[in-house]
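Coordinates from model-v5.pdb are shown below (PDB, C-alpha atoms, pLDDT in the B column).
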ATOM      1  CA  MET A  13     126.064 129.980 144.315  1.00 55.00           C
ATOM      2  CA  SER A  14     128.299 131.885 146.729  1.00 63.00           C
ATOM      3  CA  ASP A  15     127.605 135.240 148.312  1.00 85.00           C
ATOM      4  CA  GLY A  16     129.300 138.111 146.589  1.00 88.00           C
ATOM      5  CA  ALA A  17     132.568 139.614 147.736  1.00 90.00           C
ATOM      6  CA  ILE A  18     134.823 142.323 146.403  1.00 89.00           C
ATOM      7  CA  TYR A  19     138.611 142.323 146.632  1.00 93.00           C
ATOM      8  CA  TYR A  20     141.140 144.925 145.611  1.00 90.00           C
ATOM      9  CA  ALA A  21     144.847 145.581 145.318  1.00 90.00           C
ATOM     10  CA  CYS A  22     146.866 148.622 144.429  1.00 89.00           C
ATOM     11  CA  ARG A  23     150.545 148.427 143.653  1.00 87.00           C
ATOM     12  CA  ASP A  24     152.783 150.867 141.806  1.00 87.00           C
ATOM     13  CA  GLY A  25     149.772 152.802 140.499  1.00 87.00           C
ATOM     14  CA  HIS A  26     147.985 149.694 139.203  1.00 89.00           C
ATOM     15  CA  TYR A  27     144.551 149.200 140.749  1.00 91.00           C
ATOM     16  CA  VAL A  28     142.766 145.836 140.587  1.00 92.00           C
ATOM     17  CA  LEU A  29     139.147 145.284 141.611  1.00 92.00           C
ATOM     18  CA  LYS A  30     137.954 141.659 141.750  1.00 94.00           C
ATOM     19  CA  PHE A  31     134.307 140.573 142.064  1.00 93.00           C
ATOM     20  CA  VAL A  32     133.684 137.044 143.357  1.00 94.00           C
ATOM     21  CA  GLY A  33     130.480 134.996 143.527  1.00 92.00           C
ATOM     22  CA  ASP A  34     126.973 136.406 143.292  1.00 92.00           C
ATOM     23  CA  VAL A  35     127.365 140.207 143.111  1.00 90.00           C
ATOM     24  CA  ARG A  36     124.044 141.907 143.835  1.00 83.00           C
ATOM     25  CA  LEU A  37     122.665 145.298 144.804  1.00 80.00           C
ATOM     26  CA  THR A  38     123.303 144.475 148.471  1.00 82.00           C
ATOM     27  CA  LEU A  39     126.924 145.354 147.671  1.00 80.00           C
ATOM     28  CA  CYS A  40     126.151 148.610 145.832  1.00 82.00           C
ATOM     29  CA  SER A  41     126.996 150.851 148.801  1.00 85.00           C
ATOM     30  CA  THR A  42     130.214 148.927 149.371  1.00 85.00           C
ATOM     31  CA  ILE A  43     131.167 149.214 145.705  1.00 84.00           C
ATOM     32  CA  GLU A  44     130.364 152.899 145.333  1.00 88.00           C
ATOM     33  CA  ARG A  45     132.029 154.046 148.565  1.00 88.00           C
ATOM     34  CA  HIS A  46     135.149 152.081 147.698  1.00 86.00           C
ATOM     35  CA  LEU A  47     135.264 153.436 144.148  1.00 84.00           C
ATOM     36  CA  GLU A  48     134.754 157.002 145.368  1.00 87.00           C
ATOM     37  CA  ALA A  49     137.793 156.614 147.623  1.00 87.00           C
ATOM     38  CA  VAL A  50     139.859 155.047 144.841  1.00 85.00           C
ATOM     39  CA  LEU A  51     139.033 157.822 142.380  1.00 83.00           C
ATOM     40  CA  GLN A  52     140.276 160.410 144.898  1.00 86.00           C
ATOM     41  CA  ARG A  53     143.759 158.896 144.851  1.00 87.00           C
ATOM     42  CA  ASP A  54     146.392 160.565 142.699  1.00 87.00           C
ATOM     43  CA  ASP A  55     148.737 157.585 142.614  1.00 89.00           C
ATOM     44  CA  ILE A  56     146.519 155.326 140.478  1.00 89.00           C
ATOM     45  CA  THR A  57     147.458 155.298 136.801  1.00 88.00           C
ATOM     46  CA  ASP A  58     145.393 152.399 135.463  1.00 89.00           C
ATOM     47  CA  THR A  59     142.555 150.113 136.494  1.00 92.00           C
ATOM     48  CA  LEU A  60     141.635 146.480 135.963  1.00 93.00           C
ATOM     49  CA  VAL A  61     138.243 144.976 136.871  1.00 94.00           C
ATOM     50  CA  ASP A  62     138.341 141.197 137.254  1.00 95.00           C
ATOM     51  CA  LEU A  63     135.081 139.266 136.813  1.00 95.00           C
ATOM     52  CA  THR A  64     136.748 135.865 136.286  1.00 93.00           C
ATOM     53  CA  GLU A  65     135.266 134.457 139.522  1.00 93.00           C
ATOM     54  CA  THR A  66     131.934 136.266 139.215  1.00 95.00           C
ATOM     55  CA  GLU A  67     128.987 133.870 138.982  1.00 94.00           C
ATOM     56  CA  ASN A  68     126.277 136.543 138.578  1.00 94.00           C
ATOM     57  CA  ILE A  69     126.285 140.322 138.584  1.00 94.00           C
ATOM     58  CA  ASP A  70     123.238 142.584 138.574  1.00 92.00           C
ATOM     59  CA  SER A  71     122.646 145.761 136.605  1.00 93.00           C
ATOM     60  CA  THR A  72     123.204 148.021 139.620  1.00 90.00           C
ATOM     61  CA  SER A  73     126.702 146.641 140.122  1.00 91.00           C
ATOM     62  CA  LEU A  74     127.377 146.883 136.386  1.00 94.00           C
ATOM     63  CA  GLY A  75     126.252 150.521 136.422  1.00 92.00           C
ATOM     64  CA  LEU A  76     128.706 151.295 139.216  1.00 90.00           C
ATOM     65  CA  ILE A  77     131.519 149.563 137.315  1.00 92.00           C
ATOM     66  CA  ALA A  78     130.626 151.606 134.208  1.00 94.00           C
ATOM     67  CA  LYS A  79     130.728 154.740 136.358  1.00 92.00           C
ATOM     68  CA  LEU A  80     134.278 153.814 137.412  1.00 91.00           C
ATOM     69  CA  ALA A  81     135.324 153.606 133.757  1.00 93.00           C
ATOM     70  CA  ILE A  82     133.719 156.914 132.848  1.00 92.00           C
ATOM     71  CA  LYS A  83     135.234 158.755 135.817  1.00 90.00           C
ATOM     72  CA  ALA A  84     138.681 157.199 135.312  1.00 90.00           C
ATOM     73  CA  THR A  85     138.687 158.243 131.658  1.00 90.00           C
ATOM     74  CA  ALA A  86     137.547 161.753 132.647  1.00 90.00           C
ATOM     75  CA  ARG A  87     140.616 161.920 134.913  1.00 89.00           C
ATOM     76  CA  GLY A  88     142.816 161.291 131.872  1.00 89.00           C
ATOM     77  CA  MET A  89     143.486 157.652 132.643  1.00 89.00           C
ATOM     78  CA  PRO A  90     143.387 155.058 129.858  1.00 90.00           C
ATOM     79  CA  HIS A  91     140.217 152.991 129.463  1.00 93.00           C
ATOM     80  CA  PRO A  92     140.155 150.466 132.311  1.00 93.00           C
ATOM     81  CA  THR A  93     140.556 146.808 131.469  1.00 93.00           C
ATOM     82  CA  LEU A  94     137.708 144.422 132.321  1.00 96.00           C
ATOM     83  CA  VAL A  95     138.253 140.663 132.314  1.00 95.00           C
ATOM     84  CA  SER A  96     135.336 138.231 132.047  1.00 96.00           C
ATOM     85  CA  THR A  97     135.688 134.505 131.445  1.00 94.00           C
ATOM     86  CA  ASN A  98     131.942 133.822 131.816  1.00 94.00           C
ATOM     87  CA  GLU A  99     130.329 133.860 128.361  1.00 95.00           C
ATOM     88  CA  ASP A 100     126.949 134.951 129.741  1.00 95.00           C
ATOM     89  CA  ILE A 101     128.454 137.898 131.614  1.00 96.00           C
ATOM     90  CA  THR A 102     130.589 138.845 128.608  1.00 96.00           C
ATOM     91  CA  ARG A 103     127.499 138.808 126.376  1.00 96.00           C
ATOM     92  CA  ILE A 104     125.720 141.143 128.827  1.00 95.00           C
ATOM     93  CA  LEU A 105     128.741 143.458 128.957  1.00 96.00           C
ATOM     94  CA  LEU A 106     128.826 143.710 125.174  1.00 96.00           C
ATOM     95  CA  SER A 107     125.071 144.254 124.879  1.00 95.00           C
ATOM     96  CA  MET A 108     125.258 147.071 127.430  1.00 95.00           C
ATOM     97  CA  GLY A 109     128.047 148.884 125.600  1.00 94.00           C
ATOM     98  CA  PHE A 110     130.886 148.144 128.014  1.00 95.00           C
ATOM     99  CA  ASP A 111     133.233 147.765 125.056  1.00 95.00           C
ATOM    100  CA  ARG A 112     132.870 151.548 124.601  1.00 93.00           C
ATOM    101  CA  VAL A 113     134.301 152.370 128.039  1.00 94.00           C
ATOM    102  CA  PHE A 114     136.506 149.331 128.819  1.00 94.00           C
ATOM    103  CA  VAL A 115     139.138 147.217 127.149  1.00 92.00           C
ATOM    104  CA  LEU A 116     137.435 143.795 127.405  1.00 93.00           C
ATOM    105  CA  LEU A 117     139.537 140.645 127.855  1.00 91.00           C
ATOM    106  CA  GLN A 118     138.534 136.993 128.248  1.00 89.00           C
ATOM    107  CA  GLU A 119     141.396 135.690 130.408  1.00 81.00           C
ATOM    108  CA  LEU A 120     143.577 136.745 133.320  1.00 66.00           C
ATOM    109  CA  PRO A 121     146.276 134.661 135.027  1.00 52.00           C
ATOM    110  CA  VAL A 122     146.012 136.054 138.587  1.00 55.00           C
ATOM    111  CA  SER A 123     145.230 134.674 142.036  1.00 62.00           C
ATOM    112  CA  ARG A 124     143.382 136.320 144.917  1.00 63.00           C
ATOM    113  CA  CYS A 125     146.254 135.865 147.379  1.00 65.00           C
ATOM    114  CA  ASP A 126     147.560 139.449 147.127  1.00 61.00           C
ATOM    115  CA  LEU A 127     144.144 141.114 147.288  1.00 68.00           C
ATOM    116  CA  LYS A 128     142.373 142.590 150.326  1.00 72.00           C
ATOM    117  CA  GLN A 129     138.608 142.260 150.762  1.00 80.00           C
ATOM    118  CA  VAL A 130     136.664 145.510 150.507  1.00 81.00           C
ATOM    119  CA  PRO A 131     134.820 146.027 153.824  1.00 81.00           C
ATOM    120  CA  PHE A 132     131.027 145.739 153.551  1.00 87.00           C
ATOM    121  CA  VAL A 133     129.094 149.025 153.868  1.00 87.00           C
ATOM    122  CA  GLN A 134     125.590 149.053 155.329  1.00 88.00           C
ATOM    123  CA  GLU A 135     123.354 151.986 154.325  1.00 89.00           C
ATOM    124  CA  SER A 136     119.740 152.995 154.690  1.00 92.00           C
ATOM    125  CA  GLU A 137     117.122 151.872 152.184  1.00 91.00           C
ATOM    126  CA  ASP A 138     116.916 155.424 150.769  1.00 91.00           C
ATOM    127  CA  GLU A 139     120.678 155.618 150.267  1.00 91.00           C
ATOM    128  CA  VAL A 140     120.717 152.228 148.543  1.00 91.00           C
ATOM    129  CA  ARG A 141     117.786 153.266 146.302  1.00 91.00           C
ATOM    130  CA  MET A 142     119.715 156.397 145.253  1.00 92.00           C
ATOM    131  CA  ARG A 143     122.792 154.312 144.415  1.00 91.00           C
ATOM    132  CA  ILE A 144     120.642 151.915 142.361  1.00 92.00           C
ATOM    133  CA  LEU A 145     119.062 154.875 140.553  1.00 93.00           C
ATOM    134  CA  ASP A 146     122.442 156.474 139.846  1.00 92.00           C
ATOM    135  CA  ALA A 147     123.929 153.192 138.579  1.00 92.00           C
ATOM    136  CA  HIS A 148     121.047 152.647 136.169  1.00 94.00           C
ATOM    137  CA  LYS A 149     121.275 156.214 134.876  1.00 94.00           C
ATOM    138  CA  VAL A 150     124.895 155.482 133.987  1.00 92.00           C
ATOM    139  CA  LEU A 151     123.780 152.345 132.115  1.00 93.00           C
ATOM    140  CA  ILE A 152     121.072 154.294 130.275  1.00 94.00           C
ATOM    141  CA  ASP A 153     123.714 156.713 129.019  1.00 92.00           C
ATOM    142  CA  LEU A 154     125.810 153.890 127.523  1.00 92.00           C
ATOM    143  CA  ASN A 155     123.392 152.990 124.717  1.00 92.00           C
ATOM    144  CA  ASP A 156     119.803 153.159 123.454  1.00 92.00           C
ATOM    145  CA  SER A 157     119.114 149.509 124.246  1.00 93.00           C
ATOM    146  CA  ASN A 158     119.909 150.124 127.917  1.00 92.00           C
ATOM    147  CA  ARG A 159     117.708 153.213 127.858  1.00 93.00           C
ATOM    148  CA  GLU A 160     114.779 151.099 126.708  1.00 94.00           C
ATOM    149  CA  VAL A 161     115.456 148.278 129.172  1.00 93.00           C
ATOM    150  CA  PHE A 162     115.915 150.454 132.272  1.00 93.00           C
ATOM    151  CA  LYS A 163     113.682 153.496 131.672  1.00 93.00           C
ATOM    152  CA  ASP A 164     110.759 152.063 133.683  1.00 95.00           C
ATOM    153  CA  LEU A 165     112.995 151.108 136.595  1.00 92.00           C
ATOM    154  CA  VAL A 166     114.569 154.578 136.661  1.00 93.00           C
ATOM    155  CA  SER A 167     111.147 156.203 136.510  1.00 93.00           C
ATOM    156  CA  THR A 168     109.872 154.042 139.359  1.00 93.00           C
ATOM    157  CA  LEU A 169     112.927 154.764 141.514  1.00 91.00           C
ATOM    158  CA  GLU A 170     112.666 158.493 140.823  1.00 92.00           C
ATOM    159  CA  ASN A 171     109.003 158.458 141.896  1.00 91.00           C
ATOM    160  CA  CYS A 172     109.864 156.750 145.197  1.00 85.00           C
ATOM    161  CA  ARG A 173     111.651 159.836 146.535  1.00 69.00           C
TER     162      ARG A 173
END
How would this structure read if it were set down as structure tokens?
Amino acid sequence: MSDGAIYYACRDGHYVLKFVGDVRLTLCSTIERHLEAVLQRDDITDTLVDLTETENIDSTSLGLIAKLAIKATARGMPHPTLVSTNEDITRILLSMGFDRVFVLLQELPVSRCDLKQVPFVQESEDEVRMRILDAHKVLIDLNDSNREVFKDLVSTLENCR
């Protein structure tokens, strides 16, 4: 299993975000800071999230990706496209309600050669905990099943303040 990495490209208003390897909460600060910057840009008209080379992805990272979709749609952009070729990841996406906020696809003919790696962001434990909490609150809002699965985690994180 390879360490996680995040790559991106933006050309002619089309934004691509690619997750590679084992994507865990250690990347949550990197993901959120990058997405905050992307959502400030006026030149982006549509978004594609590529999970075709993702081996594993945790719920914190999924919550941040869901947040991207919700914020992009709130800006008047079309639902972002999310591509997953891993059946296990696709099953998780569907169970968490990602089909409500993304257009889900199962294939994408693209290489990494034109993408730039998102620089890693190191934050304090408290900042990371807040990002984890925020990501899971987004997941809870997607459907009742998520609410049941993550309510204890959210409660625990809220009590750690």
Is there a way to get, as an MDAnalysis selection string, all residues within 12 Å of the point (143.7, 144.8, 146.3) in file coordinates, counting only C-alpha atoms? chainID A and resid 18:31 46 50 59:62 122:131
Once you have the residues from the selection above, write them out as a short mmCIF file (atom, residue, chain, number, x, y, z; two decimals), keeping the file's coordinate frame, restricted to C-alpha atoms.
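Contents of part32.cif, as written:
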data_model
loop_
_atom_site.label_atom_id
_atom_site.label_comp_id
_atom_site.auth_asym_id
_atom_site.auth_seq_id
_atom_site.Cartn_x
_atom_site.Cartn_y
_atom_site.Cartn_z
CA ILE A 18 134.82 142.32 146.40
CA TYR A 19 138.61 142.32 146.63
CA TYR A 20 141.14 144.93 145.61
CA ALA A 21 144.85 145.58 145.32
CA CYS A 22 146.87 148.62 144.43
CA ARG A 23 150.54 148.43 143.65
CA ASP A 24 152.78 150.87 141.81
CA GLY A 25 149.77 152.80 140.50
CA HIS A 26 147.99 149.69 139.20
CA TYR A 27 144.55 149.20 140.75
CA VAL A 28 142.77 145.84 140.59
CA LEU A 29 139.15 145.28 141.61
CA LYS A 30 137.95 141.66 141.75
CA PHE A 31 134.31 140.57 142.06
CA HIS A 46 135.15 152.08 147.70
CA VAL A 50 139.86 155.05 144.84
CA THR A 59 142.56 150.11 136.49
CA LEU A 60 141.64 146.48 135.96
CA VAL A 61 138.24 144.98 136.87
CA ASP A 62 138.34 141.20 137.25
CA VAL A 122 146.01 136.05 138.59
CA SER A 123 145.23 134.67 142.04
CA ARG A 124 143.38 136.32 144.92
CA CYS A 125 146.25 135.86 147.38
CA ASP A 126 147.56 139.45 147.13
CA LEU A 127 144.14 141.11 147.29
CA LYS A 128 142.37 142.59 150.33
CA GLN A 129 138.61 142.26 150.76
CA VAL A 130 136.66 145.51 150.51
CA PRO A 131 134.82 146.03 153.82
#
At a cut-off of 7 Å, using only C-alpha atoms, what residues contact Val115 of chain A? Leave out same-chain residues fewer than 4 positions from it and give the result as number ranges by chain. A: 91-94, 111
What separation in Å, quoted to one decimal, exists between atom CA of Val35 of chain A and atom CA of Asp100 of chain A?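 That distance, rounded to one decimal, is 14.4 Å.
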For the file shown, report as JSON, numbers by chain the outcome of the PyMOL selection byres ((chain A and resi 15) around 12) at residue level. {"A": [13, 14, 16, 17, 18, 31, 32, 33, 34, 35, 36, 37, 38, 39, 65, 66, 67, 68, 69]}
Have a look at atom CA of Gln52 of chain A and atom CA of Gly109 of chain A and let me know their distance in Å, one decimal. 25.6 Å
Can you list, as a PyMOL selection string, the residues that the PyMOL selection byres ((chain A and resi 113) around 12) selects here? chain A and resi 75+77-86+89-94+105-106+108-112+114-116+150-151+153-155
Exercise on segment 74-80 of chain A, axis-aligned box with 8 Å per side, report centre and edge lengths in Å to one decimal, as lines of an AutoDock Vina configuration file:
center_x = 130.3
center_y = 150.8
center_z = 136.7
size_x = 24.0
size_y = 23.9
size_z = 21.0
Could you tell me how far atom CA of Val95 of chain A lies from atom CA of Glu139 of chain A, in Å and to one decimal? 29.2 Å
Pick from A:Gln134, A:Ser107, A:Asn158, A:Thr64 nearest to Cys40 of chain A, counting only C-alpha atoms: A:Gln134
